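The structure file work10.cif is reproduced below (mmCIF, C-alpha atoms).
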data_work
loop_
_atom_site.label_atom_id
_atom_site.label_comp_id
_atom_site.auth_asym_id
_atom_site.auth_seq_id
_atom_site.Cartn_x
_atom_site.Cartn_y
_atom_site.Cartn_z
CA MET J 1 0.00 0.00 0.00
CA ASP J 2 1.40 3.40 -1.02
CA THR J 3 0.82 5.81 1.85
CA ARG J 4 0.91 9.44 0.76
CA ARG J 5 1.63 12.02 3.37
CA ASP J 6 1.10 15.73 3.13
CA VAL J 7 4.11 17.67 1.82
CA PHE J 8 3.85 19.96 4.85
CA GLN J 9 4.68 16.98 7.09
CA ALA J 10 7.99 16.75 5.26
CA ILE J 11 9.03 20.30 6.02
CA ALA J 12 7.64 20.31 9.56
CA ASP J 13 10.74 18.64 10.99
CA PRO J 14 14.14 20.42 11.02
CA THR J 15 16.03 17.19 10.30
CA ARG J 16 13.90 16.54 7.23
CA ARG J 17 14.38 20.13 6.06
CA GLU J 18 18.14 19.65 6.37
CA ILE J 19 17.99 16.36 4.43
CA ILE J 20 16.01 18.12 1.69
CA ASN J 21 18.63 20.86 1.62
CA MET J 22 21.48 18.35 1.40
CA ILE J 23 20.07 16.32 -1.47
CA ALA J 24 18.82 19.39 -3.34
CA HIS J 25 22.42 19.94 -4.40
CA GLN J 26 23.42 16.34 -5.12
CA SER J 27 22.13 12.81 -4.90
CA LEU J 28 23.47 11.12 -1.75
CA ASN J 29 23.41 7.59 -0.39
CA LEU J 30 21.88 6.84 3.00
CA ASN J 31 25.24 6.53 4.74
CA SER J 32 26.39 9.94 3.48
CA ILE J 33 23.20 11.51 4.78
CA SER J 34 23.34 9.69 8.12
CA GLU J 35 26.93 10.77 8.76
CA GLN J 36 25.81 14.42 8.84
CA PHE J 37 23.53 13.93 11.88
CA ASP J 38 23.97 12.97 15.51
CA VAL J 39 21.12 10.47 15.39
CA SER J 40 20.96 6.80 14.44
CA ARG J 41 20.88 5.60 10.87
CA GLN J 42 17.45 4.13 11.65
CA ALA J 43 16.17 7.59 12.60
CA ILE J 44 17.48 9.03 9.33
CA SER J 45 15.94 6.13 7.42
CA LEU J 46 12.57 6.94 9.03
CA HIS J 47 12.90 10.60 8.02
CA ILE J 48 13.75 9.55 4.47
CA LYS J 49 10.78 7.16 4.45
CA ILE J 50 8.50 10.06 5.38
CA LEU J 51 10.07 12.26 2.70
CA THR J 52 9.54 9.46 0.18
CA GLU J 53 5.92 9.03 1.23
CA CYS J 54 5.43 12.78 0.76
CA GLY J 55 6.80 12.47 -2.76
CA ILE J 56 9.72 14.82 -2.15
CA VAL J 57 12.51 12.24 -2.19
CA LEU J 58 13.12 9.56 -4.77
CA ILE J 59 15.28 6.55 -3.92
CA LYS J 60 17.25 4.94 -6.71
CA LYS J 61 19.18 1.71 -6.27
CA GLU J 62 22.66 1.60 -7.77
CA GLY J 63 24.28 -1.72 -7.00
CA ARG J 64 24.01 -2.26 -3.25
CA GLU J 65 23.61 1.45 -2.54
CA ARG J 66 20.39 3.43 -2.33
CA TYR J 67 20.70 7.05 -3.45
CA CYS J 68 18.28 9.78 -2.48
CA SER J 69 17.44 12.60 -4.82
CA ILE J 70 14.99 15.48 -4.62
CA GLU J 71 11.69 15.75 -6.46
CA PRO J 72 11.43 19.56 -6.48
CA GLN J 73 8.04 19.74 -8.21
CA LYS J 74 6.38 18.42 -5.05
CA LEU J 75 7.73 21.40 -3.10
CA SER J 76 5.77 23.70 -5.41
CA GLU J 77 2.75 22.98 -3.19
CA VAL J 78 4.57 24.76 -0.38
CA ALA J 79 5.61 27.64 -2.63
CA ASP J 80 2.04 28.02 -3.89
CA TRP J 81 0.71 28.09 -0.34
CA ILE J 82 3.31 30.67 0.77
CA GLU J 83 2.85 32.98 -2.24
CA PRO J 84 -0.09 35.07 -0.88
CA PHE J 85 1.84 35.64 2.36
CA ARG J 86 4.93 36.69 0.42
CA LYS J 87 2.87 39.22 -1.51
CA LEU J 88 1.39 40.52 1.75
CA TRP J 89 4.82 40.99 3.32
CA GLU J 90 6.23 42.60 0.19
CA ALA J 91 3.37 45.12 0.22
CA ARG J 92 4.09 45.87 3.88
CA PHE J 93 7.81 46.30 3.22
CA ASP J 94 7.02 48.61 0.29
CA LYS J 95 4.92 50.78 2.63
CA LEU J 96 7.73 50.79 5.17
CA ASP J 97 10.23 51.81 2.47
CA THR J 98 7.96 54.67 1.43
CA LEU J 99 7.62 55.81 5.04
CA LEU J 100 11.38 55.64 5.66
CA ILE J 101 12.13 57.60 2.49
CA ALA J 102 9.58 60.23 3.52
CA LEU J 103 11.13 60.46 7.01
CA GLN J 104 14.66 60.76 5.56
CA THR J 105 13.53 63.45 3.14
CA LYS J 106 11.79 65.33 5.96
CA LYS J 107 14.91 65.05 8.16
CA LYS J 108 17.16 66.39 5.37
CA THR J 109 14.74 69.24 4.67
CA ASN J 110 14.50 70.17 8.37
CA GLY J 111 18.29 69.97 8.74
CA LYS J 112 18.89 72.43 5.90
CA ARG J 113 16.54 75.04 7.44
CA LYS J 114 18.57 75.38 10.64
#
Once you've parsed the file, please lay out its structure as structure tokens.
Amino acid sequence: MDTRRDVFQAIADPTRREIINMIAHQSLNLNSISEQFDVSRQAISLHIKILTECGIVLIKKEGRERYCSIEPQKLSEVADWIEPFRKLWEARFDKLDTLLIALQTKKKTNGKRK
């Protein structure tokens, strides 16, 4: 049975986020990933299992080794969910920039009058 988890479960855990970050740059075997953490290989295997069930990590067998690689399209769900919040914050920062420019202009104008 293929259990599918929510992609947000994958990014909820800091260890899983770090694994995603590691394999985003290159495909790594389980031992290479495990060596980067102070937890057991079994714990890392469980994290990778969850990432696989979420559809973010693909495991490819090469000989006796299993290599993990990223499936970045699945992370687009997170990006799509975050997008409205990004736009909201950008609008707020734009307002702050406008206010700061106005305050700086006012300060320069007041300074020249003295």
message = I'd like to see the residues matched by the PyMOL selection byres ((chain J and resi 31-47) around 9) on this file, and ideally I'd get them as a VMD selection string.
response = chain J and resid 10 13 15 to 16 19 22 to 23 28 to 30 48 to 52 68
request  = Determine the residue set returned by the PyMOL selection byres ((chain J and resi 70-73) around 6) for the present structure, and present it as a PyMOL selection string.
outcome  = chain J and resi 24+56-57+69+74-76
inquiry  = Calculated over all atoms listed in the file, which of the candidates J:Arg5, J:Pro84, J:Ser27, J:Ala79 has the smallest distance to Lys61 of chain J?
reply    = J:Ser27
ask   = atom CA of Glu18 of chain J and atom CA of Glu83 of chain J, how far apart in Å?
value =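 Atom-to-atom, atom CA of Glu83 of chain J and atom CA of Glu18 of chain J are spaced 22.0 Å apart.
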inquiry  = Between atom CA of Phe8 of chain J and atom CA of Ile82 of chain J, what distance in Å does the model show, to one decimal?
reply    = 11.5 Å
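Our summary of the geometry notes that atom CA of Leu96 of chain J is positioned 18.2 Å from atom CA of Lys108 of chain J.
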